>>> print(open('work_24.txt').read())   # compact mmCIF, C-alpha atoms
# COMPACT_ATOMS: atom_id res chain seq x y z
CA MET A 1 -14.77 -22.20 -40.58
CA VAL A 2 -11.56 -20.14 -40.57
CA ASP A 3 -12.45 -18.77 -37.16
CA LEU A 4 -13.13 -22.22 -35.79
CA ALA A 5 -9.74 -23.43 -37.04
CA ILE A 6 -7.97 -20.38 -35.55
CA GLY A 7 -9.76 -20.88 -32.24
CA LEU A 8 -8.89 -24.58 -32.01
CA ILE A 9 -5.25 -23.99 -32.95
CA LEU A 10 -5.03 -21.16 -30.40
CA VAL A 11 -6.20 -23.44 -27.59
CA ALA A 12 -3.90 -26.23 -28.77
CA LEU A 13 -0.91 -23.87 -28.91
CA ALA A 14 -1.73 -22.56 -25.43
CA ILE A 15 -1.75 -26.09 -24.00
CA GLY A 16 1.39 -26.97 -25.95
CA ALA A 17 3.20 -23.87 -24.72
CA LEU A 18 2.62 -24.98 -21.13
CA LEU A 19 3.29 -28.68 -21.46
CA SER A 20 5.93 -28.93 -24.17
CA SER A 21 8.72 -31.27 -23.05
CA THR A 22 11.49 -28.68 -23.52
CA LEU A 23 11.50 -25.06 -22.45
CA PHE A 24 12.68 -24.04 -25.92
CA GLY A 25 9.66 -25.78 -27.42
CA SER A 26 7.39 -23.99 -24.94
CA LEU A 27 8.71 -20.58 -25.93
CA THR A 28 8.44 -21.34 -29.64
CA LEU A 29 4.84 -22.44 -29.26
CA PHE A 30 4.07 -19.35 -27.17
CA PHE A 31 5.56 -17.19 -29.91
CA ALA A 32 3.35 -18.93 -32.49
CA PHE A 33 0.39 -18.41 -30.14
CA GLY A 34 1.03 -14.67 -30.07
CA MET A 35 1.20 -14.44 -33.85
CA LEU A 36 -2.02 -16.41 -34.28
CA MET A 37 -3.69 -14.25 -31.61
CA ALA A 38 -2.83 -11.23 -33.76
CA VAL A 39 -4.58 -12.93 -36.70
CA ALA A 40 -7.64 -13.58 -34.53
CA TRP A 41 -7.82 -9.90 -33.56
CA ALA A 42 -7.53 -8.86 -37.18
CA ARG A 43 -10.50 -11.17 -37.87
CA LEU A 44 -12.41 -9.35 -35.10
CA HIS A 45 -12.07 -5.98 -36.87
CA ALA A 46 -9.23 -4.74 -34.66
CA PRO A 47 -6.29 -4.31 -37.07
CA ASP A 48 -4.42 -1.85 -34.85
CA LEU A 49 -4.64 -4.22 -31.90
CA ALA A 50 -3.39 -7.00 -34.15
CA LEU A 51 -0.37 -4.85 -34.99
CA ALA A 52 0.30 -4.12 -31.34
CA GLU A 53 -0.08 -7.79 -30.41
CA ALA A 54 2.25 -8.94 -33.18
CA ALA A 55 4.92 -6.43 -32.11
CA ILE A 56 4.49 -6.56 -28.31
CA GLY A 57 2.73 -9.81 -27.45
CA ALA A 58 4.61 -12.03 -29.87
CA GLY A 59 7.75 -10.15 -30.88
CA LEU A 60 9.02 -8.38 -27.78
CA THR A 61 7.67 -10.87 -25.23
CA GLY A 62 9.21 -13.63 -27.32
CA ALA A 63 12.59 -11.88 -27.43
CA LEU A 64 12.36 -11.27 -23.68
CA LEU A 65 11.62 -14.92 -22.91
CA PHE A 66 14.25 -16.32 -25.29
CA ASN A 67 16.75 -13.92 -23.75
CA ALA A 68 15.83 -15.21 -20.30
CA LEU A 69 16.07 -18.81 -21.48
CA ASN A 70 19.78 -18.25 -22.14
CA LYS A 71 20.26 -17.16 -18.56
CA SER A 72 17.92 -19.41 -16.67
CA PRO A 73 19.12 -22.71 -15.28
CA PRO A 74 18.29 -25.75 -17.36
CA GLU A 75 15.31 -27.75 -16.29
CA VAL A 76 16.98 -30.33 -14.13
CA ILE A 77 14.01 -32.57 -13.72
CA LYS A 78 11.34 -32.83 -16.35
CA GLU A 79 8.14 -31.17 -15.29
CA ARG A 80 6.15 -33.66 -13.28
CA LEU A 81 2.56 -32.63 -13.00
CA ARG A 82 0.92 -33.07 -9.64
CA HIS A 83 -2.78 -33.89 -9.54
CA PRO A 84 -3.33 -33.03 -13.21
CA LEU A 85 -6.81 -34.54 -13.17
CA SER A 86 -8.16 -32.50 -10.28
CA VAL A 87 -6.62 -29.28 -11.63
CA ALA A 88 -8.23 -29.98 -15.01
CA LEU A 89 -11.59 -30.59 -13.33
CA VAL A 90 -11.43 -27.39 -11.28
CA CYS A 91 -10.41 -25.36 -14.34
CA ALA A 92 -13.17 -26.92 -16.44
CA ALA A 93 -15.72 -26.03 -13.76
CA ILE A 94 -14.47 -22.43 -13.59
CA LEU A 95 -14.52 -22.27 -17.39
CA ALA A 96 -18.13 -23.45 -17.51
CA LEU A 97 -19.15 -20.80 -14.97
CA LEU A 98 -17.22 -18.18 -16.90
CA VAL A 99 -18.81 -19.00 -20.25
CA VAL A 100 -22.31 -19.10 -18.77
CA SER A 101 -21.84 -15.69 -17.19
CA LEU A 102 -20.16 -14.18 -20.25
CA LEU A 103 -22.71 -15.33 -22.82
CA PRO A 104 -25.48 -12.83 -21.95
CA SER A 105 -23.07 -9.92 -22.39
CA LEU A 106 -22.84 -10.70 -26.12
CA ASP A 107 -26.42 -9.52 -26.60
CA GLN A 108 -26.16 -6.44 -24.44
CA VAL A 109 -25.39 -3.15 -26.08
CA SER A 110 -22.55 -1.22 -24.55
CA PRO A 111 -23.51 2.34 -23.59
CA LEU A 112 -20.02 3.64 -24.34
CA PRO A 113 -19.72 3.77 -28.17
CA PRO A 114 -22.70 6.17 -28.51
CA MET A 115 -20.98 8.46 -26.02
CA VAL A 116 -17.77 8.50 -28.09
CA GLY A 117 -19.42 9.22 -31.45
CA PRO A 118 -20.86 12.72 -30.90
CA ARG A 119 -17.71 13.98 -29.23
CA MET A 120 -15.34 12.89 -31.98
CA ASP A 121 -15.48 16.30 -33.67
CA ALA A 122 -14.03 18.01 -30.63
CA SER A 123 -11.40 15.36 -29.94
CA GLY A 124 -8.80 16.60 -32.44
CA VAL A 125 -8.34 13.24 -34.18
CA ASP A 126 -10.49 11.21 -36.54
CA TYR A 127 -9.82 7.73 -35.21
CA PRO A 128 -11.98 6.70 -32.23
CA VAL A 129 -9.39 4.44 -30.55
CA THR A 130 -6.78 7.20 -30.58
CA ALA A 131 -9.39 9.69 -29.35
CA VAL A 132 -10.25 7.42 -26.43
CA LEU A 133 -6.60 6.70 -25.61
CA LEU A 134 -5.31 10.26 -25.71
CA ASN A 135 -8.31 12.46 -25.12
CA PHE A 136 -11.35 10.92 -23.40
CA ARG A 137 -9.33 8.49 -21.27
CA GLY A 138 -6.00 10.29 -21.39
CA TRP A 139 -5.64 9.70 -17.68
CA ASP A 140 -5.37 5.92 -18.21
CA THR A 141 -2.73 6.37 -20.86
CA LEU A 142 -0.73 8.71 -18.66
CA LEU A 143 -0.69 6.10 -15.91
CA GLU A 144 0.16 3.40 -18.41
CA ILE A 145 3.30 5.24 -19.44
CA ALA A 146 4.08 5.64 -15.74
CA VAL A 147 3.69 1.85 -15.30
CA LEU A 148 6.17 1.29 -18.12
CA LEU A 149 8.67 3.55 -16.39
CA LEU A 150 8.01 1.84 -13.06
CA ALA A 151 8.78 -1.57 -14.59
CA LEU A 152 12.01 -0.17 -15.98
CA LEU A 153 12.99 1.17 -12.56
CA GLY A 154 12.16 -2.23 -11.07
CA VAL A 155 14.45 -3.93 -13.57
CA LYS A 156 17.10 -1.29 -12.95
CA VAL A 157 17.42 -1.94 -9.22
CA LEU A 158 18.17 -5.64 -9.74
CA LEU A 159 21.78 -6.63 -10.15
CA PRO A 160 23.02 -7.11 -13.70
CA THR A 161 23.60 -10.55 -15.10
CA HIS A 162 26.65 -11.18 -17.22
CA THR A 163 26.31 -13.68 -19.96
CA PRO A 164 28.39 -13.66 -23.13
CA ALA A 165 26.22 -12.54 -26.00
CA PRO A 166 26.02 -15.10 -28.79
CA GLN A 167 27.73 -14.28 -32.06
CA PRO A 168 25.31 -12.99 -34.68
CA TRP A 169 24.44 -15.26 -37.54
CA SER A 170 25.62 -13.65 -40.78
CA LEU A 171 22.28 -14.02 -42.60
CA LEU A 172 20.48 -12.45 -39.62
CA LEU A 173 23.02 -9.65 -39.53
CA GLY A 174 22.45 -8.86 -43.22
CA TRP A 175 18.68 -9.00 -42.84
CA SER A 176 18.61 -6.80 -39.78
CA LYS A 177 20.55 -4.10 -41.62
CA THR A 178 18.04 -4.27 -44.45
CA LEU A 179 15.02 -4.31 -42.17
CA ALA A 180 16.09 -1.51 -39.83
CA PRO A 181 15.39 1.45 -42.14
CA VAL A 182 12.10 -0.14 -43.20
CA ILE A 183 11.09 -0.44 -39.53
CA VAL A 184 11.88 3.23 -38.91
CA VAL A 185 9.76 4.30 -41.88
CA VAL A 186 6.86 2.00 -40.97
CA GLY A 187 7.04 3.15 -37.33
CA GLY A 188 6.87 6.78 -38.37
CA TYR A 189 3.99 6.03 -40.70
CA LEU A 190 2.05 4.20 -37.96
CA LEU A 191 2.51 7.14 -35.61
CA TRP A 192 1.24 9.62 -38.19
CA ARG A 193 -1.53 7.30 -39.32
CA GLY A 194 -2.87 6.99 -35.76
CA SER A 195 -4.82 10.23 -36.00
CA ARG A 196 -6.93 8.93 -38.87
CA GLY A 197 -6.93 5.14 -38.76
CA ALA A 198 -5.41 2.01 -37.31
CA GLY A 199 -2.06 2.92 -35.75
CA GLY A 200 -0.74 5.12 -32.99
CA ALA A 201 1.99 5.72 -30.47
CA PHE A 202 1.99 2.23 -28.95
CA GLN A 203 2.18 0.34 -32.22
CA ALA A 204 4.88 2.68 -33.52
CA GLY A 205 6.87 2.54 -30.27
CA ALA A 206 6.66 -1.24 -30.09
CA LEU A 207 7.79 -1.61 -33.69
CA LEU A 208 10.74 0.73 -33.19
CA ALA A 209 11.68 -1.15 -30.02
CA ALA A 210 11.53 -4.45 -31.91
CA GLY A 211 13.88 -3.01 -34.51
CA ALA A 212 16.28 -1.69 -31.87
CA VAL A 213 16.29 -5.04 -30.04
CA MET A 214 17.04 -6.84 -33.30
CA LEU A 215 19.97 -4.52 -34.01
CA ARG A 216 21.24 -4.83 -30.44
CA LEU A 217 21.15 -8.64 -30.62
CA ASN A 218 23.31 -8.42 -33.74
CA HIS A 219 25.74 -5.97 -32.13
CA VAL A 220 25.01 -3.36 -34.78
CA LEU A 221 23.85 -0.65 -32.40
CA PRO A 222 26.51 0.87 -30.16
CA GLU A 223 26.36 0.03 -26.50
CA ILE A 224 23.50 1.57 -24.55
CA ARG A 225 24.29 3.08 -21.15
CA TRP A 226 22.01 4.61 -18.56
CA SER A 227 24.64 7.32 -18.09
CA GLN A 228 24.00 8.60 -21.62
CA LEU A 229 21.96 11.76 -21.36
CA LEU A 230 20.15 11.09 -24.64
CA LEU A 231 18.91 7.74 -23.38
CA ARG A 232 17.56 9.19 -20.13
CA ILE A 233 15.83 11.95 -22.03
CA SER A 234 14.29 9.42 -24.43
CA VAL A 235 12.98 7.33 -21.56
CA LEU A 236 11.50 10.26 -19.63
CA ILE A 237 10.30 12.65 -22.32
CA GLY A 238 6.95 10.91 -22.91
CA LEU A 239 5.84 11.03 -19.31
CA ALA A 240 7.28 14.52 -18.88
CA THR A 241 5.34 15.92 -21.85
CA PHE A 242 2.16 14.18 -20.82
CA LEU A 243 2.46 15.44 -17.24
CA THR A 244 3.26 18.97 -18.39
CA VAL A 245 0.15 19.01 -20.57
CA ALA A 246 -1.93 17.56 -17.73
CA ILE A 247 -0.71 20.14 -15.21
CA ALA A 248 -1.06 22.99 -17.69
CA THR A 249 -4.64 22.03 -18.60
CA ALA A 250 -5.46 21.62 -14.91
CA SER A 251 -4.10 25.03 -13.91
CA PHE A 252 -4.89 27.18 -16.94
CA GLY A 253 -7.64 25.28 -18.75
CA ASP A 254 -10.86 23.44 -18.10
CA GLY A 255 -9.36 20.69 -16.01
CA TRP A 256 -7.06 17.71 -15.88
CA LEU A 257 -6.28 16.61 -19.47
CA THR A 258 -9.27 18.48 -20.93
CA TYR A 259 -7.61 19.96 -23.99
CA PRO A 260 -8.77 23.28 -25.43
CA SER A 261 -10.35 22.11 -28.69
CA ALA A 262 -8.37 24.50 -30.91
CA TYR A 263 -5.09 22.96 -29.74
CA SER A 264 -6.18 19.39 -29.17
CA LYS A 265 -4.73 18.01 -32.41
CA ALA A 266 -1.34 19.64 -31.80
CA LEU A 267 -1.30 18.54 -28.15
CA ILE A 268 -2.24 14.96 -29.00
CA LEU A 269 0.40 14.83 -31.70
CA ALA A 270 3.06 16.19 -29.33
CA ILE A 271 2.12 13.66 -26.65
CA GLU A 272 2.00 10.81 -29.15
CA THR A 273 5.36 11.64 -30.69
CA THR A 274 7.18 11.93 -27.38
CA ALA A 275 5.34 8.87 -26.03
CA THR A 276 6.50 6.87 -29.07
CA ILE A 277 10.12 7.76 -28.32
CA SER A 278 9.73 6.86 -24.65
CA ILE A 279 7.87 3.63 -25.33
CA ALA A 280 10.48 2.56 -27.87
CA ALA A 281 13.40 3.37 -25.54
CA THR A 282 11.77 1.81 -22.46
CA LEU A 283 10.71 -1.39 -24.22
CA THR A 284 14.19 -1.77 -25.71
CA LEU A 285 15.75 -1.41 -22.27
CA LEU A 286 13.22 -3.79 -20.70
CA VAL A 287 14.12 -6.49 -23.20
CA GLU A 288 17.84 -5.80 -23.54
CA GLY A 289 18.81 -4.11 -20.27
CA GLU A 290 19.89 -7.14 -18.27
CA GLY A 291 23.58 -6.46 -18.37
CA ASP A 292 25.33 -3.23 -17.52
CA GLU A 293 23.06 -1.06 -19.66
CA LEU A 294 20.99 0.20 -16.75
CA GLN A 295 23.81 0.70 -14.27
CA SER A 296 24.80 4.29 -13.83
CA MET B 297 -22.28 -19.57 -34.41
CA SER B 298 -21.03 -16.03 -34.78
CA PRO B 299 -17.27 -15.32 -34.73
CA GLU B 300 -17.76 -13.12 -31.67
CA LEU B 301 -19.34 -15.97 -29.71
CA LEU B 302 -16.65 -18.37 -30.89
CA TYR B 303 -13.78 -16.11 -29.87
CA LEU B 304 -15.48 -15.30 -26.56
CA VAL B 305 -15.51 -19.01 -25.71
CA VAL B 306 -11.94 -19.47 -27.02
CA GLY B 307 -10.76 -16.52 -24.89
CA ALA B 308 -12.37 -17.97 -21.77
CA THR B 309 -10.84 -21.37 -22.58
CA ILE B 310 -7.35 -19.89 -22.98
CA TRP B 311 -7.77 -18.13 -19.64
CA ALA B 312 -8.72 -21.44 -18.00
CA VAL B 313 -5.79 -23.22 -19.68
CA GLY B 314 -3.47 -20.53 -18.34
CA LEU B 315 -4.93 -20.94 -14.84
CA GLY B 316 -4.44 -24.69 -15.02
CA GLY B 317 -0.89 -24.17 -16.21
CA LEU B 318 -0.16 -21.79 -13.38
CA LEU B 319 -1.27 -24.45 -10.90
CA LEU B 320 0.57 -27.31 -12.60
CA VAL B 321 3.94 -26.17 -13.94
CA HIS B 322 6.95 -25.22 -11.87
CA HIS B 323 9.65 -23.63 -13.97
CA MET B 324 9.59 -19.86 -13.61
CA LEU B 325 9.51 -19.14 -17.34
CA ARG B 326 6.63 -21.55 -17.82
CA ARG B 327 4.73 -19.76 -15.07
CA VAL B 328 5.36 -16.43 -16.79
CA ILE B 329 3.97 -17.98 -19.97
CA ALA B 330 0.92 -19.21 -18.03
CA VAL B 331 0.18 -15.71 -16.68
CA ASN B 332 0.64 -14.28 -20.17
CA LEU B 333 -1.80 -16.84 -21.56
CA MET B 334 -4.39 -15.78 -18.98
CA GLY B 335 -3.87 -12.17 -20.02
CA SER B 336 -4.23 -13.05 -23.70
CA GLY B 337 -7.48 -14.86 -22.92
CA VAL B 338 -8.88 -11.77 -21.22
CA PHE B 339 -7.79 -9.58 -24.14
CA LEU B 340 -9.47 -11.93 -26.61
CA VAL B 341 -12.72 -11.74 -24.61
CA LEU B 342 -12.51 -7.93 -24.61
CA VAL B 343 -11.80 -7.77 -28.36
CA ALA B 344 -14.68 -10.16 -29.05
CA LEU B 345 -17.00 -7.99 -26.93
CA ALA B 346 -15.76 -4.89 -28.77
CA ALA B 347 -16.77 -6.51 -32.06
CA ARG B 348 -20.41 -6.82 -30.88
CA SER B 349 -21.24 -3.44 -32.37
CA SER B 350 -20.29 -2.12 -35.78
CA PRO B 351 -18.05 -0.13 -35.88
CA PRO B 352 -16.24 -1.90 -33.03
CA ASP B 353 -16.32 -0.39 -29.55
CA PRO B 354 -13.29 1.96 -29.35
CA VAL B 355 -13.31 2.07 -25.54
CA LEU B 356 -12.75 -1.68 -25.16
CA GLN B 357 -10.11 -1.66 -27.90
CA ALA B 358 -8.25 1.20 -26.21
CA LEU B 359 -8.41 -0.79 -22.96
CA VAL B 360 -6.68 -3.72 -24.70
CA VAL B 361 -3.91 -1.46 -26.08
CA THR B 362 -3.33 -0.22 -22.53
CA GLY B 363 -3.44 -3.77 -21.22
CA LEU B 364 -0.85 -5.02 -23.72
CA VAL B 365 1.71 -2.48 -22.60
CA VAL B 366 1.06 -3.14 -18.92
CA ALA B 367 1.33 -6.89 -19.60
CA ILE B 368 4.77 -6.62 -21.20
CA SER B 369 5.95 -4.34 -18.38
CA ALA B 370 4.90 -6.92 -15.82
CA THR B 371 6.38 -9.75 -17.87
CA ALA B 372 9.73 -8.01 -18.22
CA PHE B 373 9.89 -7.40 -14.47
CA ALA B 374 8.83 -10.97 -13.67
CA VAL B 375 11.38 -12.48 -16.05
CA ARG B 376 14.10 -10.27 -14.60
CA LEU B 377 13.14 -11.28 -11.04
CA ALA B 378 13.23 -14.92 -12.08
CA SER B 379 16.72 -14.63 -13.54
CA ALA B 380 17.92 -12.66 -10.51
CA ARG B 381 16.59 -15.43 -8.28
CA ALA B 382 18.26 -18.09 -10.40
CA GLN B 383 21.51 -16.14 -10.22
CA HIS B 384 21.15 -15.70 -6.46
CA SER B 385 20.71 -19.40 -5.86
CA SER B 386 22.97 -20.56 -8.67
CA GLY B 387 24.32 -24.01 -8.06
CA THR B 388 20.95 -25.08 -6.73
CA PRO B 389 18.65 -24.44 -9.65
CA GLU B 390 15.03 -25.31 -9.56
CA VAL B 391 15.05 -28.87 -8.35
CA GLU B 392 11.77 -30.26 -7.20
CA ARG B 393 11.67 -31.64 -3.73
CA PRO B 394 11.04 -35.32 -4.19
CA GLY B 395 7.59 -36.34 -3.11
CA GLY B 396 7.01 -33.13 -1.19
CA ASP B 397 3.72 -31.27 -1.12
CA GLU B 398 3.20 -27.88 -2.63
CA SER B 399 5.06 -25.35 -0.62
>>> encode(input="work_24.txt", output="structure tokens")
Amino acid sequence: MVDLAIGLILVALAIGALLSSTLFGSLTLFFAFGMLMAVAWARLHAPDLALAEAAIGAGLTGALLFNALNKSPPEVIKERLRHPLSVALVCAAILALLVVSLLPSLDQVSPLPPMVGPRMDASGVDYPVTAVLLNFRGWDTLLEIAVLLLALLGVKVLLPTHTPAPQPWSLLLGWSKTLAPVIVVVGGYLLWRGSRGAGGAFQAGALLAAGAVMLRLNHVLPEIRWSQLLLRISVLIGLATFLTVAIATASFGDGWLTYPSAYSKALILAIETTATISIAATLTLLVEGEGDELQS
Amino acid sequence: MSPELLYLVVGATIWAVGLGGLLLVHHMLRRVIAVNLMGSGVFLVLVALAARSSPPDPVLQALVVTGLVVAISATAFAVRLASARAQHSSGTPEVERPGGDES
């Protein structure tokens, strides 16, 4: 029953987020959609994904969109939908095809989990998701951090926009000062926890970024500048560590990102810690770096 | 009806809603939301498929973690492009051409 309610509200929020009469309403509904999506994932036995979705999907994406709303031109003409009926029909037909082709996969057994299980002992961590992310499929994660950096470089080459930042609301200011140390502690805990259970570099990095964005919006953090050496190091250190490990294992070890099992825990921890710093710094800049922050 | 089946159908539905939105709405930010909805739908399908087995499939869950970060990277770049475009053509914000066809 709960799942049915969540599912129906999710679809309703999705439709509302697209068709709401004001852009502000759209963004609010999309934010609510992200939070409810996190609940749905927690219901599907994926608590660490729920954490990541709440921090990234709802929190940071929401901040990003609200930030852009300030800068984007107002909707001059209310959205007028063209051919809504035919679009709805086409989408319904595609949906029917999709569901029919997806249904059989529910009964199939994936061959991958049995391959992960026996190799967990050699992976260096006790939590399968972290083992997959940083050991078995470390290559994907390396590229993912590269994608994050690429997006930042893409944002960096665009000209800055200058909009006066709104004055912080005093209640928000007080709360953000209270929340900030809690966020740092929880972020550190999530990072450490990732080797044994739900948590990891991405959740921790996203949470820290959310905290930094909150403080930046309230003008508590000092100004961020691309010319600051510390900032550049923070942004690059994750990819640099990961690449160093990859090249070292390729030249001296058994191959690209195949860790020697005696060192795998230490290597994974080093990569995760530096990746957390880089993810936090990059996400903060992606959300907040529209002004002069990224100009050198 | 198992929760996995339910969420599989919901995920597919959200994807289709996002597709419809992408075809229908015009404001840049709404389009970004539409693409994000499609992504969320795909993630929900993957998480539902991961929950088929117990314990859940770690490979699919790791794929979603990767996907989330790539999604916000793309969103940030798209939003920034949209505001750069708005700034470039400021004075003539997104006005629909009256009665025109899709361009």
>>> closest_residue(input="work_24.txt", among="A:Met214, A:Val116, A:Val129, A:Ile233", to="chain B", atoms="only C-alpha atoms")
A:Val129
>>> atom_distance(input="work_24.txt", atom1="CA of Leu340 (chain B)", atom2="CA of Phe33 (chain A)")
12.3 Å
>>> closest_residue(input="work_24.txt", among="A:Val287, A:Ala58, A:Val186, A:Ile9", to="Ala372 (chain B)", atoms="all atoms listed in the file")
A:Val287
>>> closest_residue(input="work_24.txt", among="B:Ile329, B:Pro351, B:Leu345, B:Arg381", to="Ile368 (chain B)", atoms="all atoms listed in the file")
B:Ile329
>>> closest_residue(input="work_24.txt", among="A:Leu230, A:Ala38, A:Leu4, A:Leu64", to="Ala209 (chain A)", atoms="only C-alpha atoms")
A:Leu64
>>> closest_residue(input="work_24.txt", among="A:Ala122, A:Val220, A:Ala131, A:Leu148", to="chain B", atoms="only C-alpha atoms")
A:Leu148
>>> closest_residue(input="work_24.txt", among="B:Leu325, B:Ala330, B:Leu304, B:Phe339", to="Thr362 (chain B)", atoms="all atoms listed in the file")
B:Phe339
>>> atom_distance(input="work_24.txt", atom1="CA of Ala17 (chain A)", atom2="CA of Phe30 (chain A)")
5.2 Å
>>> residues_near_point(input="work_24.txt", point="(20.0, -2.6, -41.6)", cutoff="12 Å", atoms="all atoms listed in the file", output="ChimeraX atom specification")
/A:171-184,211-212,214-216,218-221
>>> write_last_selection(input="work_24.txt", atoms="C-alpha atoms", output="compact mmCIF listing (two decimals), in the coordinates of the input")
# COMPACT_ATOMS: atom_id res chain seq x y z
CA LEU A 171 22.28 -14.02 -42.60
CA LEU A 172 20.48 -12.45 -39.62
CA LEU A 173 23.02 -9.65 -39.53
CA GLY A 174 22.45 -8.86 -43.22
CA TRP A 175 18.68 -9.00 -42.84
CA SER A 176 18.61 -6.80 -39.78
CA LYS A 177 20.55 -4.10 -41.62
CA THR A 178 18.04 -4.27 -44.45
CA LEU A 179 15.02 -4.31 -42.17
CA ALA A 180 16.09 -1.51 -39.83
CA PRO A 181 15.39 1.45 -42.14
CA VAL A 182 12.10 -0.14 -43.20
CA ILE A 183 11.09 -0.44 -39.53
CA VAL A 184 11.88 3.23 -38.91
CA GLY A 211 13.88 -3.01 -34.51
CA ALA A 212 16.28 -1.69 -31.87
CA MET A 214 17.04 -6.84 -33.30
CA LEU A 215 19.97 -4.52 -34.01
CA ARG A 216 21.24 -4.83 -30.44
CA ASN A 218 23.31 -8.42 -33.74
CA HIS A 219 25.74 -5.97 -32.13
CA VAL A 220 25.01 -3.36 -34.78
CA LEU A 221 23.85 -0.65 -32.40
>>> residues_near_point(input="work_24.txt", point="(12.1, -3.9, -15.4)", cutoff="8 Å", atoms="all atoms listed in the file", output="PyMOL selection string")
(chain A and resi 150-156+286) or (chain B and resi 369-370+372-374+376)
>>> write_last_selection(input="work_24.txt", atoms="C-alpha atoms", output="PDB file, keeping the file's coordinate frame")
ATOM      1  CA  LEU A 150       8.010   1.840 -13.060  1.00  0.00           C
ATOM      2  CA  ALA A 151       8.780  -1.570 -14.590  1.00  0.00           C
ATOM      3  CA  LEU A 152      12.010  -0.170 -15.980  1.00  0.00           C
ATOM      4  CA  LEU A 153      12.990   1.170 -12.560  1.00  0.00           C
ATOM      5  CA  GLY A 154      12.160  -2.230 -11.070  1.00  0.00           C
ATOM      6  CA  VAL A 155      14.450  -3.930 -13.570  1.00  0.00           C
ATOM      7  CA  LYS A 156      17.100  -1.290 -12.950  1.00  0.00           C
ATOM      8  CA  LEU A 286      13.220  -3.790 -20.700  1.00  0.00           C
TER       9      LEU A 286
ATOM     10  CA  SER B 369       5.950  -4.340 -18.380  1.00  0.00           C
ATOM     11  CA  ALA B 370       4.900  -6.920 -15.820  1.00  0.00           C
ATOM     12  CA  ALA B 372       9.730  -8.010 -18.220  1.00  0.00           C
ATOM     13  CA  PHE B 373       9.890  -7.400 -14.470  1.00  0.00           C
ATOM     14  CA  ALA B 374       8.830 -10.970 -13.670  1.00  0.00           C
ATOM     15  CA  ARG B 376      14.100 -10.270 -14.600  1.00  0.00           C
TER      16      ARG B 376
END
>>> residues_around(input="work_24.txt", residues="Ile6 (chain A)", least_positions_apart="5", cutoff="10 Å", atoms="all atoms listed in the file", output="list in words")
Met1, Val11, Ala12, Leu36, Met37, Val39, Ala40 and Arg43 of chain A; Tyr303 and Val306 of chain B
>>> atom_distance(input="work_24.txt", atom1="CA of Pro84 (chain A)", atom2="CA of Ser336 (chain B)")
22.6 Å
>>> residues_around(input="work_24.txt", residues="Leu207 (chain A)", least_positions_apart="5", cutoff="8 Å", atoms="all atoms listed in the file", output="mmCIF file with C-alpha atoms, in the coordinates of the input")
data_model
loop_
_atom_site.group_PDB
_atom_site.id
_atom_site.type_symbol
_atom_site.label_atom_id
_atom_site.label_comp_id
_atom_site.auth_asym_id
_atom_site.auth_seq_id
_atom_site.Cartn_x
_atom_site.Cartn_y
_atom_site.Cartn_z
ATOM 1 C CA ALA A 55 4.920 -6.430 -32.110
ATOM 2 C CA ILE A 183 11.090 -0.440 -39.530
ATOM 3 C CA GLY A 187 7.040 3.150 -37.330
ATOM 4 C CA ALA A 280 10.480 2.560 -27.870
#
>>> decode(input="work_24.txt", residues="region 360-381 of chain B", atoms="C-alpha atoms", output="JSON list (two decimals), in the first residue's frame")
[["chain", "number", "residue", "atom", "x", "y", "z"],
["B", 360, "VAL", "CA", 23.16, 4.15, -10.27],
["B", 361, "VAL", "CA", 25.69, 5.90, -7.98],
["B", 362, "THR", "CA", 27.84, 6.55, -11.06],
["B", 363, "GLY", "CA", 24.79, 7.68, -13.00],
["B", 364, "LEU", "CA", 23.73, 10.17, -10.33],
["B", 365, "VAL", "CA", 27.05, 11.97, -10.43],
["B", 366, "VAL", "CA", 27.12, 12.04, -14.23],
["B", 367, "ALA", "CA", 23.53, 13.34, -14.22],
["B", 368, "ILE", "CA", 24.32, 16.29, -11.97],
["B", 369, "SER", "CA", 27.43, 17.09, -14.03],
["B", 370, "ALA", "CA", 25.34, 17.22, -17.18],
["B", 371, "THR", "CA", 22.60, 19.20, -15.45],
["B", 372, "ALA", "CA", 25.04, 21.79, -14.14],
["B", 373, "PHE", "CA", 26.53, 22.25, -17.60],
["B", 374, "ALA", "CA", 23.11, 22.43, -19.25],
["B", 375, "VAL", "CA", 21.81, 24.98, -16.75],
["B", 376, "ARG", "CA", 24.94, 27.07, -17.20],
["B", 377, "LEU", "CA", 24.58, 26.93, -21.00],
["B", 378, "ALA", "CA", 20.96, 27.98, -20.67],
["B", 379, "SER", "CA", 21.81, 31.00, -18.53],
["B", 380, "ALA", "CA", 24.68, 31.94, -20.85],
["B", 381, "ARG", "CA", 22.26, 31.81, -23.77]]
